[in-house]
Amino acid sequence: MSRIYLIVAEQREGKIRQVTLEALQAAASSAADGDRMTAVLIGSGLDSMANELSAYPLSEIHLIEHAGLQYYNPESYTAALLPVIENIRPDAVFLGHTALGRDLAP
C-alpha cells in the first residue's frame, strides 16, 4: 500500500527556507516506489515559492494563502494546516527542526 508524506514548507520573507529542502530530502529518503510526497506552503504572496517547489518531485503542492498568515502565528498556522492534514491523512508529516517546526509539530 502506498504511503503519503506531507512536507510543511517553511518560508520567510518570500523565500523557501533551506530546512524545507532538508525535509523534502528526508521524505524522499523514506519514500518507496508508489509513495506520494506532497507539500503545504502557508503564508502570503506564495506564487514564486510555489513555482520553486514545483521543481521537486512532489505529487501536490497545497497553498494556504492569506495576508494574516504572512508571519508565523501558532494558532493561525494550526488552524490553516489542520484541514489539509485531515483531508490528505498523511502517513507522516515532515517539518524542519526549527523554532517554527518544534512549535507547530505537536
# chains A, B, ... in the order shown; residues from 1 in each chain; ligands from 1

$ closest_atom_pairs --of "segment 14-35 of chain A" --to "segment 57-72 of chain A" --cutoff "10 Å" --atoms "only C-alpha atoms" --output "Markdown table"
| residue | atom | partner | partner_atom | distance |
| --- | --- | --- | --- | --- |
| A:Gly14 | CA | A:Gln70 | CA | 9.2 |
| A:Leu24 | CA | A:Pro57 | CA | 8.9 |
| A:Ala28 | CA | A:Pro57 | CA | 8.5 |
| A:Asp35 | CA | A:Ser59 | CA | 9.4 |

$ select_by_dssp --residues "chain A" --states "strand (DSSP E or B)" --output "number ranges by chain"
A: 4-9, 11-12, 15-16, 36-43, 60-65, 92-94

$ write_last_selection --atoms "N, CA, C and O atoms" --output "mmCIF file, in the first residue's frame"
data_model
loop_
_atom_site.group_PDB
_atom_site.id
_atom_site.type_symbol
_atom_site.label_atom_id
_atom_site.label_comp_id
_atom_site.auth_asym_id
_atom_site.auth_seq_id
_atom_site.Cartn_x
_atom_site.Cartn_y
_atom_site.Cartn_z
ATOM 1 N N ILE A 4 1.603 8.299 2.049
ATOM 2 C CA ILE A 4 1.578 9.727 1.725
ATOM 3 C C ILE A 4 2.438 10.441 2.753
ATOM 4 O O ILE A 4 2.248 10.269 3.958
ATOM 5 N N TYR A 5 3.373 11.225 2.262
ATOM 6 C CA TYR A 5 4.239 12.035 3.123
ATOM 7 C C TYR A 5 3.930 13.504 2.878
ATOM 8 O O TYR A 5 3.913 13.950 1.728
ATOM 9 N N LEU A 6 3.697 14.223 3.951
ATOM 10 C CA LEU A 6 3.394 15.655 3.861
ATOM 11 C C LEU A 6 4.576 16.442 4.395
ATOM 12 O O LEU A 6 5.037 16.207 5.517
ATOM 13 N N ILE A 7 5.061 17.369 3.589
ATOM 14 C CA ILE A 7 6.150 18.247 3.988
ATOM 15 C C ILE A 7 5.572 19.630 4.235
ATOM 16 O O ILE A 7 4.904 20.194 3.362
ATOM 17 N N VAL A 8 5.789 20.160 5.431
ATOM 18 C CA VAL A 8 5.364 21.523 5.746
ATOM 19 C C VAL A 8 6.530 22.430 5.343
ATOM 20 O O VAL A 8 7.587 22.414 5.978
ATOM 21 N N ALA A 9 6.325 23.161 4.265
ATOM 22 C CA ALA A 9 7.377 24.021 3.722
ATOM 23 C C ALA A 9 7.433 25.322 4.524
ATOM 24 O O ALA A 9 6.412 25.967 4.737
ATOM 25 N N GLN A 11 8.808 29.189 4.904
ATOM 26 C CA GLN A 11 9.233 30.324 4.113
ATOM 27 C C GLN A 11 9.441 31.513 5.031
ATOM 28 O O GLN A 11 8.878 31.578 6.115
ATOM 29 N N ARG A 12 10.277 32.403 4.571
ATOM 30 C CA ARG A 12 10.495 33.641 5.309
ATOM 31 C C ARG A 12 10.841 34.727 4.299
ATOM 32 O O ARG A 12 11.690 34.535 3.437
ATOM 33 N N LYS A 15 10.908 33.709 0.596
ATOM 34 C CA LYS A 15 11.864 32.707 0.135
ATOM 35 C C LYS A 15 11.672 31.403 0.895
ATOM 36 O O LYS A 15 11.435 31.399 2.098
ATOM 37 N N ILE A 16 11.796 30.304 0.143
ATOM 38 C CA ILE A 16 11.746 28.984 0.759
ATOM 39 C C ILE A 16 12.993 28.826 1.618
ATOM 40 O O ILE A 16 14.101 29.095 1.182
ATOM 41 N N ARG A 36 3.612 8.815 -2.246
ATOM 42 C CA ARG A 36 3.396 10.193 -2.699
ATOM 43 C C ARG A 36 3.966 11.167 -1.695
ATOM 44 O O ARG A 36 3.797 10.998 -0.489
ATOM 45 N N MET A 37 4.626 12.179 -2.223
ATOM 46 C CA MET A 37 5.097 13.284 -1.389
ATOM 47 C C MET A 37 4.310 14.520 -1.795
ATOM 48 O O MET A 37 4.171 14.822 -2.976
ATOM 49 N N THR A 38 3.787 15.196 -0.802
ATOM 50 C CA THR A 38 3.038 16.419 -1.051
ATOM 51 C C THR A 38 3.525 17.474 -0.073
ATOM 52 O O THR A 38 4.048 17.151 0.988
ATOM 53 N N ALA A 39 3.402 18.726 -0.458
ATOM 54 C CA ALA A 39 3.871 19.816 0.398
ATOM 55 C C ALA A 39 2.736 20.790 0.654
ATOM 56 O O ALA A 39 1.806 20.900 -0.147
ATOM 57 N N VAL A 40 2.848 21.477 1.757
ATOM 58 C CA VAL A 40 1.921 22.557 2.067
ATOM 59 C C VAL A 40 2.760 23.784 2.388
ATOM 60 O O VAL A 40 3.753 23.707 3.100
ATOM 61 N N LEU A 41 2.359 24.901 1.804
ATOM 62 C CA LEU A 41 3.057 26.168 1.984
ATOM 63 C C LEU A 41 2.049 27.160 2.523
ATOM 64 O O LEU A 41 0.978 27.345 1.935
ATOM 65 N N ILE A 42 2.368 27.773 3.641
ATOM 66 C CA ILE A 42 1.455 28.688 4.334
ATOM 67 C C ILE A 42 2.067 30.075 4.348
ATOM 68 O O ILE A 42 3.245 30.234 4.646
ATOM 69 N N GLY A 43 1.254 31.075 4.046
ATOM 70 C CA GLY A 43 1.752 32.452 4.114
ATOM 71 C C GLY A 43 1.000 33.383 3.201
ATOM 72 O O GLY A 43 -0.182 33.203 2.927
ATOM 73 N N GLU A 60 1.750 16.892 -5.112
ATOM 74 C CA GLU A 60 0.864 18.051 -4.968
ATOM 75 C C GLU A 60 1.558 19.117 -4.125
ATOM 76 O O GLU A 60 2.397 18.787 -3.281
ATOM 77 N N ILE A 61 1.153 20.337 -4.353
ATOM 78 C CA ILE A 61 1.575 21.449 -3.507
ATOM 79 C C ILE A 61 0.306 22.189 -3.103
ATOM 80 O O ILE A 61 -0.437 22.666 -3.957
ATOM 81 N N HIS A 62 0.054 22.221 -1.816
ATOM 82 C CA HIS A 62 -1.110 22.923 -1.286
ATOM 83 C C HIS A 62 -0.673 24.295 -0.805
ATOM 84 O O HIS A 62 0.281 24.408 -0.036
ATOM 85 N N LEU A 63 -1.370 25.313 -1.260
ATOM 86 C CA LEU A 63 -1.081 26.676 -0.833
ATOM 87 C C LEU A 63 -2.189 27.152 0.080
ATOM 88 O O LEU A 63 -3.371 27.044 -0.261
ATOM 89 N N ILE A 64 -1.799 27.674 1.217
ATOM 90 C CA ILE A 64 -2.747 28.288 2.132
ATOM 91 C C ILE A 64 -2.311 29.739 2.245
ATOM 92 O O ILE A 64 -1.346 30.052 2.936
ATOM 93 N N GLU A 65 -3.008 30.572 1.491
ATOM 94 C CA GLU A 65 -2.574 31.951 1.353
ATOM 95 C C GLU A 65 -3.597 32.911 1.959
ATOM 96 O O GLU A 65 -4.789 32.834 1.667
ATOM 97 N N ALA A 92 2.947 10.335 7.358
ATOM 98 C CA ALA A 92 3.983 11.047 8.112
ATOM 99 C C ALA A 92 3.986 12.507 7.679
ATOM 100 O O ALA A 92 3.686 12.820 6.531
ATOM 101 N N VAL A 93 4.314 13.363 8.632
ATOM 102 C CA VAL A 93 4.428 14.799 8.367
ATOM 103 C C VAL A 93 5.870 15.187 8.681
ATOM 104 O O VAL A 93 6.385 14.879 9.749
ATOM 105 N N PHE A 94 6.505 15.862 7.737
ATOM 106 C CA PHE A 94 7.887 16.301 7.890
ATOM 107 C C PHE A 94 7.920 17.814 8.077
ATOM 108 O O PHE A 94 7.353 18.552 7.271
#

$ atom_distance --atom1 "atom CA of Arg3 of chain A" --atom2 "atom CA of Tyr77 of chain A"
24.4 Å

$ residues_around --residues "Gly96 of chain A" --least-positions-apart "5" --cutoff "7 Å" --atoms "only C-alpha atoms" --output "MDAnalysis selection string"
chainID A and resid 19:20 23 101

$ select_by_dssp --residues "chain A" --states "alpha helix (DSSP H)" --output "count of residues only"
41
